[in-house]
$ cat coords.cif   # mmCIF, C-alpha atoms
data_input
#
loop_
_atom_site.label_atom_id
_atom_site.label_comp_id
_atom_site.auth_asym_id
_atom_site.auth_seq_id
_atom_site.Cartn_x
_atom_site.Cartn_y
_atom_site.Cartn_z
CA MET A 1 -174.24 -160.76 -8.81
CA LYS A 2 -174.29 -157.48 -10.74
CA SER A 3 -177.52 -156.42 -9.05
CA LYS A 4 -176.01 -157.08 -5.63
CA LYS A 5 -172.96 -154.96 -6.51
CA LEU A 6 -175.23 -152.20 -7.82
CA ILE A 7 -177.27 -152.27 -4.63
CA SER A 8 -174.05 -152.09 -2.57
CA VAL A 9 -172.83 -149.08 -4.53
CA ILE A 10 -176.18 -147.32 -4.20
CA SER A 11 -176.26 -148.08 -0.46
CA LEU A 12 -172.75 -146.65 -0.05
CA VAL A 13 -173.69 -143.49 -1.94
CA LEU A 14 -176.88 -143.06 0.09
CA SER A 15 -174.93 -143.60 3.34
CA VAL A 16 -172.42 -140.90 2.40
CA CYS A 17 -175.25 -138.53 1.45
CA LEU A 18 -177.03 -139.26 4.72
CA ILE A 19 -173.86 -138.60 6.76
CA PHE A 20 -173.25 -135.37 4.85
CA SER A 21 -176.85 -134.18 5.30
CA VAL A 22 -176.66 -134.82 9.04
CA SER A 23 -173.35 -133.05 9.45
CA VAL A 24 -174.24 -129.94 7.44
CA PRO A 25 -176.51 -128.32 10.09
CA ALA A 26 -173.67 -128.36 12.61
CA PHE A 27 -171.66 -126.06 10.34
CA ALA A 28 -174.53 -124.03 8.94
CA GLY A 29 -174.17 -121.42 11.64
CA ASN A 30 -170.69 -120.30 10.56
CA ALA A 31 -170.98 -120.51 6.80
CA GLY A 32 -169.94 -116.86 6.34
CA LYS A 33 -166.86 -115.37 4.71
CA THR A 34 -164.91 -115.59 7.96
CA ASN A 35 -165.08 -117.50 11.22
CA TYR A 36 -162.70 -115.59 13.48
CA PRO A 37 -163.10 -116.00 17.26
CA PHE A 38 -165.56 -113.77 19.13
CA ILE A 39 -164.62 -112.14 22.43
CA PHE A 40 -167.73 -111.19 24.44
CA VAL A 41 -167.21 -108.60 27.19
CA HIS A 42 -169.66 -107.98 30.03
CA GLY A 43 -170.83 -104.64 31.35
CA MET A 44 -170.65 -102.96 34.75
CA SER A 45 -171.19 -105.34 37.68
CA GLY A 46 -170.93 -108.26 35.27
CA TRP A 47 -168.75 -111.37 35.13
CA GLY A 48 -167.18 -113.84 32.71
CA GLU A 49 -166.61 -117.54 32.17
CA ASP A 50 -163.69 -117.56 34.63
CA SER A 51 -165.83 -116.02 37.41
CA PRO A 52 -167.19 -117.98 40.41
CA GLN A 53 -170.86 -117.39 39.58
CA GLU A 54 -170.70 -118.19 35.86
CA SER A 55 -171.53 -121.91 36.10
CA LYS A 56 -174.83 -121.34 37.90
CA THR A 57 -175.70 -117.92 36.52
CA PRO A 58 -174.03 -117.27 33.16
CA TYR A 59 -173.85 -113.58 32.31
CA TRP A 60 -174.99 -114.15 28.74
CA GLY A 61 -178.24 -115.99 29.43
CA THR A 62 -178.75 -116.03 33.23
CA GLN A 63 -179.74 -119.71 33.27
CA PRO A 64 -177.36 -122.49 32.10
CA GLU A 65 -179.88 -123.69 29.52
CA ASN A 66 -180.03 -120.16 28.06
CA ASN A 67 -176.27 -119.65 27.90
CA VAL A 68 -175.52 -117.87 24.63
CA MET A 69 -171.89 -118.99 24.72
CA THR A 70 -172.89 -122.67 24.81
CA TYR A 71 -175.45 -122.17 22.06
CA LEU A 72 -173.02 -120.40 19.71
CA ARG A 73 -170.33 -123.02 20.30
CA GLU A 74 -172.80 -125.74 19.38
CA LYS A 75 -173.44 -123.84 16.16
CA GLY A 76 -169.77 -123.96 15.28
CA TYR A 77 -168.62 -120.53 16.39
CA THR A 78 -165.54 -119.95 18.52
CA VAL A 79 -166.52 -117.70 21.41
CA TYR A 80 -164.99 -116.60 24.71
CA ASN A 81 -166.26 -114.33 27.48
CA PRO A 82 -163.40 -113.53 29.89
CA ALA A 83 -164.04 -111.52 33.04
CA VAL A 84 -162.64 -108.03 33.58
CA GLY A 85 -163.05 -105.66 36.52
CA ALA A 86 -166.77 -105.25 37.08
CA TYR A 87 -166.36 -101.74 38.49
CA SER A 88 -163.04 -100.71 36.96
CA SER A 89 -162.59 -97.93 34.43
CA ALA A 90 -162.67 -98.62 30.70
CA TRP A 91 -158.89 -98.15 30.62
CA ASP A 92 -158.20 -100.66 33.39
CA ARG A 93 -160.65 -103.15 31.90
CA ALA A 94 -159.04 -102.85 28.45
CA CYS A 95 -155.63 -103.56 30.01
CA GLU A 96 -157.03 -106.58 31.84
CA LEU A 97 -158.69 -107.95 28.72
CA TYR A 98 -155.46 -107.53 26.77
CA ALA A 99 -153.50 -109.43 29.45
CA LYS A 100 -156.03 -112.26 29.49
CA LEU A 101 -155.95 -112.62 25.72
CA THR A 102 -152.16 -112.48 25.45
CA GLY A 103 -151.45 -114.47 28.62
CA THR A 104 -149.35 -111.75 30.23
CA VAL A 105 -149.18 -109.65 33.41
CA VAL A 106 -151.72 -106.83 33.52
CA ASP A 107 -149.95 -103.53 32.85
CA TYR A 108 -152.14 -100.49 33.53
CA GLY A 109 -149.46 -98.20 32.17
CA GLU A 110 -146.82 -96.06 33.86
CA ALA A 111 -148.48 -92.73 33.05
CA HIS A 112 -152.00 -93.89 33.86
CA SER A 113 -151.15 -95.54 37.20
CA LYS A 114 -149.18 -92.50 38.37
CA LYS A 115 -151.95 -90.11 37.35
CA TYR A 116 -154.63 -91.96 39.31
CA GLY A 117 -152.50 -93.29 42.16
CA HIS A 118 -152.82 -97.05 41.89
CA GLU A 119 -150.41 -99.90 41.18
CA ARG A 120 -149.05 -100.20 37.66
CA PHE A 121 -149.10 -103.99 37.47
CA GLY A 122 -151.95 -106.35 38.23
CA ARG A 123 -152.62 -110.06 37.98
CA ASP A 124 -150.40 -112.50 36.12
CA TYR A 125 -152.12 -114.49 33.38
CA THR A 126 -148.99 -116.20 32.10
CA GLY A 127 -150.02 -119.71 31.06
CA LYS A 128 -153.69 -118.76 31.54
CA ALA A 129 -154.53 -117.14 28.20
CA ALA A 130 -158.30 -116.87 27.70
CA MET A 131 -158.17 -118.67 24.33
CA GLY A 132 -155.76 -121.36 25.52
CA GLU A 133 -152.85 -120.12 23.44
CA PRO A 134 -151.59 -116.52 23.80
CA TRP A 135 -153.04 -114.18 21.18
CA ASP A 136 -150.38 -113.04 18.69
CA LEU A 137 -152.09 -109.64 18.09
CA GLU A 138 -152.19 -110.35 14.36
CA SER A 139 -154.83 -113.09 14.16
CA PRO A 140 -158.18 -111.28 13.68
CA LEU A 141 -160.71 -111.23 16.52
CA ASN A 142 -164.30 -110.02 16.77
CA PHE A 143 -165.12 -108.01 19.90
CA VAL A 144 -168.66 -107.79 21.29
CA GLY A 145 -169.47 -105.64 24.32
CA HIS A 146 -172.70 -105.30 26.26
CA SER A 147 -173.30 -102.02 28.08
CA PHE A 148 -169.98 -100.75 29.49
CA GLY A 149 -168.35 -103.69 27.75
CA GLY A 150 -168.84 -101.66 24.58
CA GLU A 151 -166.58 -98.88 25.82
CA THR A 152 -164.09 -101.50 26.98
CA VAL A 153 -163.74 -103.11 23.56
CA ARG A 154 -163.77 -99.77 21.74
CA LEU A 155 -160.85 -98.55 23.86
CA LEU A 156 -158.95 -101.83 23.53
CA ALA A 157 -159.34 -101.74 19.74
CA SER A 158 -158.18 -98.12 19.61
CA LEU A 159 -155.10 -98.83 21.74
CA LEU A 160 -154.20 -101.88 19.66
CA ALA A 161 -154.39 -99.86 16.46
CA TYR A 162 -153.06 -96.46 17.52
CA GLY A 163 -151.39 -96.92 20.90
CA ASP A 164 -151.09 -94.17 23.50
CA GLU A 165 -148.58 -91.33 23.29
CA ASP A 166 -148.53 -90.65 27.05
CA GLU A 167 -147.59 -94.22 27.84
CA LYS A 168 -144.93 -94.39 25.14
CA ALA A 169 -143.38 -91.20 26.51
CA ALA A 170 -143.59 -92.35 30.15
CA CYS A 171 -141.27 -95.34 29.89
CA ALA A 172 -139.19 -97.32 27.43
CA ASP A 173 -140.65 -100.68 28.50
CA CYS A 174 -144.31 -99.85 28.00
CA SER A 175 -146.75 -102.63 27.18
CA GLU A 176 -147.13 -103.68 23.56
CA LEU A 177 -150.75 -102.59 23.95
CA PHE A 178 -149.69 -98.95 24.11
CA LYS A 179 -147.41 -99.08 21.08
CA GLY A 180 -150.14 -99.45 18.45
CA GLY A 181 -149.77 -100.94 14.99
CA HIS A 182 -151.91 -104.01 15.69
CA GLU A 183 -155.05 -103.10 13.80
CA LYS A 184 -154.92 -106.43 11.93
CA GLY A 185 -155.97 -108.11 15.15
CA VAL A 186 -159.30 -106.27 15.21
CA TYR A 187 -161.74 -107.53 12.59
CA SER A 188 -164.90 -106.10 14.12
CA VAL A 189 -166.34 -104.26 17.11
CA SER A 190 -170.01 -104.69 18.04
CA THR A 191 -171.70 -102.89 20.92
CA ILE A 192 -175.03 -103.70 22.57
CA SER A 193 -176.85 -100.95 24.49
CA SER A 194 -173.53 -99.28 25.22
CA PRO A 195 -173.50 -95.74 26.68
CA HIS A 196 -171.04 -94.38 24.13
CA ASN A 197 -171.87 -90.84 25.14
CA GLY A 198 -172.67 -91.50 28.78
CA SER A 199 -175.82 -92.03 30.82
CA THR A 200 -177.35 -89.24 32.84
CA VAL A 201 -178.38 -91.90 35.38
CA SER A 202 -174.73 -92.41 36.30
CA ASN A 203 -174.33 -88.70 37.02
CA TYR A 204 -176.75 -89.02 39.95
CA ALA A 205 -174.35 -91.43 41.69
CA SER A 206 -170.92 -90.39 40.50
CA ASP A 207 -171.24 -86.61 40.68
CA LEU A 208 -172.31 -86.78 44.31
CA VAL A 209 -169.40 -89.17 45.15
CA VAL A 210 -171.07 -90.43 48.35
CA PRO A 211 -173.28 -93.03 46.62
CA GLU A 212 -170.22 -94.25 44.70
CA PHE A 213 -168.22 -94.47 47.92
CA ILE A 214 -170.93 -96.38 49.78
CA MET A 215 -171.28 -98.89 46.93
CA MET A 216 -167.52 -99.49 46.87
CA LEU A 217 -167.38 -99.74 50.65
CA VAL A 218 -170.11 -102.38 50.82
CA MET A 219 -168.61 -104.48 48.03
CA HIS A 220 -165.12 -104.21 49.50
CA TYR A 221 -166.41 -105.26 52.94
CA GLN A 222 -168.18 -108.29 51.46
CA SER A 223 -165.04 -109.24 49.56
CA VAL A 224 -162.84 -109.00 52.66
CA LYS A 225 -165.31 -111.07 54.70
CA GLY A 226 -165.59 -113.69 51.98
CA GLU A 227 -169.30 -112.96 51.54
CA SER A 228 -169.06 -111.76 47.96
CA LYS A 229 -170.44 -114.00 45.22
CA GLY A 230 -167.93 -112.65 42.73
CA ASP A 231 -164.37 -111.43 42.37
CA LEU A 232 -164.05 -107.67 42.90
CA MET A 233 -160.91 -107.50 40.72
CA LEU A 234 -159.70 -104.19 42.16
CA ASP A 235 -156.24 -105.40 43.14
CA GLN A 236 -154.60 -102.28 41.70
CA TRP A 237 -156.42 -100.24 44.36
CA GLY A 238 -155.64 -102.66 47.19
CA LEU A 239 -159.32 -103.55 47.54
CA SER A 240 -159.03 -107.19 46.49
CA ALA A 241 -156.46 -109.90 45.79
CA ASP A 242 -156.13 -112.60 43.18
CA PRO A 243 -157.94 -115.66 44.61
CA ALA A 244 -155.24 -117.88 43.11
CA SER A 245 -152.59 -116.22 45.28
CA GLY A 246 -154.32 -117.01 48.56
CA GLU A 247 -153.57 -113.46 49.73
CA LYS A 248 -156.01 -111.43 51.81
CA VAL A 249 -156.59 -107.68 52.01
CA ARG A 250 -157.63 -105.60 54.99
CA PHE A 251 -160.82 -103.58 55.11
CA SER A 252 -159.95 -100.00 54.14
CA PRO A 253 -162.61 -97.26 53.84
CA ALA A 254 -159.81 -94.83 52.94
CA LYS A 255 -158.95 -96.81 49.81
CA CYS A 256 -162.62 -96.95 48.86
CA MET A 257 -162.84 -93.18 49.13
CA LYS A 258 -159.66 -92.77 47.11
CA LEU A 259 -161.17 -94.84 44.31
CA ALA A 260 -164.50 -92.99 44.46
CA LEU A 261 -162.73 -89.62 44.15
CA SER A 262 -160.26 -90.74 41.49
CA GLY A 263 -162.41 -90.59 38.38
CA ASP A 264 -160.76 -93.88 37.37
CA HIS A 265 -163.75 -96.18 37.72
CA CYS A 266 -166.73 -97.21 35.62
CA GLY A 267 -169.12 -94.87 37.44
CA TYR A 268 -167.24 -91.81 36.22
CA ASP A 269 -166.68 -93.17 32.69
CA LEU A 270 -170.44 -93.70 32.44
CA THR A 271 -171.28 -90.07 33.22
CA VAL A 272 -171.90 -87.61 30.42
CA GLN A 273 -168.64 -85.76 31.05
CA GLY A 274 -166.70 -88.96 31.69
CA ALA A 275 -167.84 -90.48 28.40
CA GLU A 276 -166.95 -87.29 26.54
CA LYS A 277 -163.44 -87.42 28.02
CA LEU A 278 -163.14 -91.11 27.19
CA ASN A 279 -164.27 -90.55 23.60
CA LYS A 280 -161.38 -88.15 23.08
CA LYS A 281 -159.03 -91.07 23.76
CA ILE A 282 -160.82 -93.53 21.49
CA LYS A 283 -160.43 -93.64 17.73
CA THR A 284 -162.52 -95.91 15.55
CA VAL A 285 -160.27 -98.47 13.87
CA LYS A 286 -160.40 -97.64 10.16
CA THR A 287 -159.89 -101.25 9.09
CA ALA A 288 -162.55 -102.77 11.37
CA TYR A 289 -166.26 -103.32 10.89
CA CYS A 290 -168.35 -101.60 13.58
CA PHE A 291 -171.95 -102.31 14.58
CA SER A 292 -174.08 -100.77 17.34
CA TYR A 293 -177.36 -102.06 18.78
CA SER A 294 -179.78 -100.07 20.94
CA ALA A 295 -183.06 -100.72 22.73
CA CYS A 296 -186.00 -98.70 24.06
CA ILE A 297 -188.76 -99.30 26.63
CA THR A 298 -190.17 -95.78 26.81
CA LYS A 299 -192.90 -93.82 25.10
CA THR A 300 -193.46 -90.12 24.66
CA GLY A 301 -195.45 -88.70 27.54
CA LYS A 302 -196.74 -85.26 28.48
CA CYS A 303 -194.89 -82.18 27.24
CA GLY A 304 -192.54 -84.34 25.20
CA TYR A 305 -191.03 -86.17 28.19
CA THR A 306 -190.69 -89.94 28.05
CA THR A 307 -192.11 -92.50 30.46
CA ALA A 308 -191.60 -96.25 30.78
CA ASP A 309 -194.16 -98.03 28.61
CA LYS A 310 -196.21 -100.31 30.88
CA GLN A 311 -197.06 -102.70 28.04
CA TYR A 312 -193.51 -104.08 28.35
CA ASN A 313 -192.28 -106.45 31.03
CA ILE A 314 -189.57 -104.14 32.40
CA PHE A 315 -186.92 -105.13 34.94
CA LYS A 316 -188.26 -103.52 38.15
CA MET A 317 -185.19 -101.41 38.97
CA PHE A 318 -185.47 -99.77 35.55
CA ASN A 319 -188.72 -98.09 36.50
CA LEU A 320 -186.63 -95.80 38.72
CA THR A 321 -183.57 -95.42 36.53
CA SER A 322 -185.66 -94.88 33.41
CA PHE A 323 -187.49 -92.11 35.25
CA LEU A 324 -184.18 -90.51 36.25
CA ALA A 325 -182.97 -90.61 32.65
CA SER A 326 -186.20 -89.03 31.44
CA ALA A 327 -186.19 -86.43 34.22
CA SER A 328 -182.72 -85.27 33.22
CA VAL A 329 -183.85 -83.63 29.99
CA ASN A 330 -183.90 -79.86 29.70
CA MET A 331 -181.18 -79.73 32.35
CA PHE A 332 -177.43 -79.27 32.40
CA VAL A 333 -175.82 -82.57 33.36
CA GLY A 334 -172.06 -82.96 33.50
CA GLY A 335 -171.67 -79.52 31.95
CA LYS A 336 -173.77 -80.48 28.92
CA PHE A 337 -177.32 -79.42 28.08
CA ILE A 338 -179.49 -82.52 27.83
CA ASP A 339 -182.29 -81.90 25.35
CA LYS A 340 -185.40 -84.05 24.98
CA SER A 341 -183.75 -86.33 22.44
CA TRP A 342 -181.97 -87.90 25.43
CA GLY A 343 -185.24 -88.99 27.04
CA ALA A 344 -185.91 -92.29 25.24
CA ASN A 345 -183.99 -95.07 26.98
CA ASP A 346 -183.68 -98.81 27.60
CA GLY A 347 -184.10 -98.43 31.33
CA ILE A 348 -180.68 -97.01 32.04
CA VAL A 349 -178.95 -95.99 28.79
CA PRO A 350 -180.41 -93.23 26.58
CA VAL A 351 -181.05 -94.46 23.05
CA LYS A 352 -179.23 -91.40 21.72
CA SER A 353 -176.11 -92.45 23.60
CA ALA A 354 -176.26 -96.06 22.43
CA LEU A 355 -176.66 -95.36 18.71
CA TYR A 356 -173.06 -94.39 17.98
CA PRO A 357 -170.19 -92.37 19.49
CA PHE A 358 -170.70 -88.67 18.81
CA ASP A 359 -168.45 -87.22 16.09
CA GLU A 360 -167.78 -90.65 14.56
CA ASP A 361 -168.83 -91.62 11.02
CA HIS A 362 -172.07 -93.60 11.09
CA ILE A 363 -174.60 -95.10 8.69
CA THR A 364 -178.02 -96.65 9.23
CA TYR A 365 -177.56 -100.34 8.52
CA ASP A 366 -178.97 -101.56 5.21
CA ALA A 367 -178.68 -105.28 4.47
CA GLU A 368 -178.66 -104.54 0.73
CA ARG A 369 -175.58 -102.34 0.83
CA THR A 370 -171.97 -103.50 0.81
CA LEU A 371 -170.36 -102.90 4.19
CA GLN A 372 -167.29 -100.75 4.63
CA THR A 373 -164.82 -100.53 7.49
CA GLY A 374 -164.20 -97.62 9.83
CA VAL A 375 -167.86 -96.63 9.94
CA TRP A 376 -170.43 -97.33 12.65
CA TYR A 377 -173.42 -99.25 11.31
CA VAL A 378 -176.43 -98.30 13.40
CA MET A 379 -178.95 -101.12 13.73
CA SER A 380 -182.66 -100.47 14.16
CA THR A 381 -183.56 -99.78 17.79
CA LEU A 382 -185.23 -102.80 19.44
CA MET A 383 -188.54 -101.66 20.93
CA GLY A 384 -189.76 -103.37 24.09
CA VAL A 385 -186.32 -104.74 24.98
CA ASP A 386 -184.74 -103.34 28.13
CA HIS A 387 -181.07 -103.14 29.05
CA TYR A 388 -181.16 -106.39 31.04
CA ASP A 389 -182.99 -108.38 28.36
CA PHE A 390 -179.73 -108.78 26.45
CA CYS A 391 -178.59 -110.96 29.36
CA SER A 392 -181.72 -113.08 29.67
CA ALA A 393 -184.22 -114.84 27.43
CA ALA A 394 -186.94 -112.21 27.46
CA GLU A 395 -190.53 -113.46 27.57
CA THR A 396 -191.91 -110.26 26.07
CA GLY A 397 -190.67 -107.57 23.75
CA GLU A 398 -188.75 -108.02 20.52
CA PHE A 399 -187.02 -111.29 21.50
CA GLY A 400 -190.30 -112.89 22.53
CA SER A 401 -188.84 -116.25 23.52
CA ARG A 402 -185.69 -118.24 24.19
CA GLU A 403 -185.47 -118.95 20.46
CA GLY A 404 -185.85 -115.24 19.69
CA TYR A 405 -183.12 -114.45 22.21
CA PHE A 406 -180.72 -116.91 20.60
CA LYS A 407 -181.68 -115.63 17.16
CA PHE A 408 -180.56 -112.11 18.10
CA TYR A 409 -177.04 -113.32 18.88
CA THR A 410 -176.94 -115.72 15.94
CA ASP A 411 -177.89 -112.88 13.59
CA LEU A 412 -175.21 -110.68 15.18
CA VAL A 413 -172.36 -113.15 14.67
CA GLU A 414 -173.56 -114.13 11.20
CA LYS A 415 -173.65 -110.47 10.20
CA VAL A 416 -170.05 -110.06 11.33
CA CYS A 417 -168.88 -113.27 9.65
CA ASN A 418 -170.45 -112.15 6.38
CA ALA A 419 -169.06 -108.60 6.52
#
$ encode --input "coords.cif" --output "structure tokens"
Amino acid sequence: MKSKKLISVISLVLSVCLIFSVSVPAFAGNAGKTNYPFIFVHGMSGWGEDSPQESKTPYWGTQPENNVMTYLREKGYTVYNPAVGAYSSAWDRACELYAKLTGTVVDYGEAHSKKYGHERFGRDYTGKAAMGEPWDLESPLNFVGHSFGGETVRLLASLLAYGDEDEKAACADCSELFKGGHEKGVYSVSTISSPHNGSTVSNYASDLVVPEFIMMLVMHYQSVKGESKGDLMLDQWGLSADPASGEKVRFSPAKCMKLALSGDHCGYDLTVQGAEKLNKKIKTVKTAYCFSYSACITKTGKCGYTTADKQYNIFKMFNLTSFLASASVNMFVGGKFIDKSWGANDGIVPVKSALYPFDEDHITYDAERTLQTGVWYVMSTLMGVDHYDFCSAAETGEFGSREGYFKFYTDLVEKVCNA
């Protein structure tokens, strides 16, 4: 009888141990000091989880089976990737992201909307908060931006912490976003191949205006005709309408030209001079952890110029844009002399621009050192990884495989959670 009881006790203990050992791996991915939600923000021409094309072609992974959001959720992390205007300015995108997180009406600001000549208010996200419940601005969040998404989250974080004096002076009922004092809500900001200081490639399109206008015209036409795969999200300019409203807009080349000339779109913010102007508005949040990642697919060529390294499997379009970035050195672009240190690039963003915002405190990341807030930690540049590889499981380069691709993002979130 005693032996049977002993066996029963041992069996019970073993069963509990077995259950515990099976359940541990599910939580191993978020065993850091914190596990605050992550907000992933796409770059120019990108989309989010509430976009039409996301189910078939997720932005963070390209194929459903490579979806980083799904993978991280399975590992126990809380992640969201809401859509913002794919071609809107960093300011407009920051306002849209704020509205989606707080479940409010998009307010682009009284001063800003008057300055650039578009509507002050945009779409209504009441009852549609990206995280389910409206963000209270105090619960800490981690922001991750790829490409122009980096400038979007940097500006949002700055506005949350320090507000905007022009908007506060423009009207008494300005958005809470422009009042500042919400730095507690920003735990970290991480940027991936973000053109903090602009990309000379963008100057070729934006400075000439015509290429920018043609691009807007074509996208607007496709949107009006219902031939667009995505949501243009340029309601403030009268170039699109919220699909949920059932409203339609008329084709208007004049409005496209107005936008192209405004300087209030991503194309301008991505130029060297546009980024410099934007950086004057952005302040690094002193209480937040900041990390920046960069990539490079070029090698030093003749006379110190860089060329795309053919040993890497580079996205075809980047052969042209990488050449344009390299060809811009030793020239004045956007009123700034571009020396040869701007030549190395990831196909579209100069490495020098992606490392950290000029004039901001920065440190080369060292895993052995205790992290501090308010300083940009510069990660080692990923060689052989192009700008697009961060959105797909690269077969070559530093990621090497689907597992390597997932590992990059797992390491990123673990680093933040352990900060």
$ atom_distance --input "coords.cif" --atom1 "atom CA of A:Ala295" --atom2 "atom CA of A:Thr364"
15.0 Å
$ residues_around --input "coords.cif" --residues "A:Leu160" --least-positions-apart "3" --cutoff "6 Å" --atoms "all atoms listed in the file" --output "PyMOL selection string"
chain A and resi 157+163+177+180+182
$ write_last_selection --input "coords.cif" --atoms "C-alpha atoms" --output "PDB file, in the frame of the given file"
ATOM      1  CA  ALA A 157    -159.340-101.740  19.740  1.00  0.00           C
ATOM      2  CA  GLY A 163    -151.390 -96.920  20.900  1.00  0.00           C
ATOM      3  CA  LEU A 177    -150.750-102.590  23.950  1.00  0.00           C
ATOM      4  CA  GLY A 180    -150.140 -99.450  18.450  1.00  0.00           C
ATOM      5  CA  HIS A 182    -151.910-104.010  15.690  1.00  0.00           C
TER       6      HIS A 182
END
$ atom_distance --input "coords.cif" --atom1 "atom CA of A:Glu276" --atom2 "atom CA of A:Asn197"
6.2 Å
$ residues_near_point --input "coords.cif" --point "(-157.6, -114.4, 30.0)" --cutoff "6 Å" --atoms "all atoms listed in the file" --output "list in words"
Pro82, Lys100, Leu101, Ala129 and Ala130 of chain A
$ atom_distance --input "coords.cif" --atom1 "atom CA of A:Val186" --atom2 "atom CA of A:Lys280"
19.9 Å
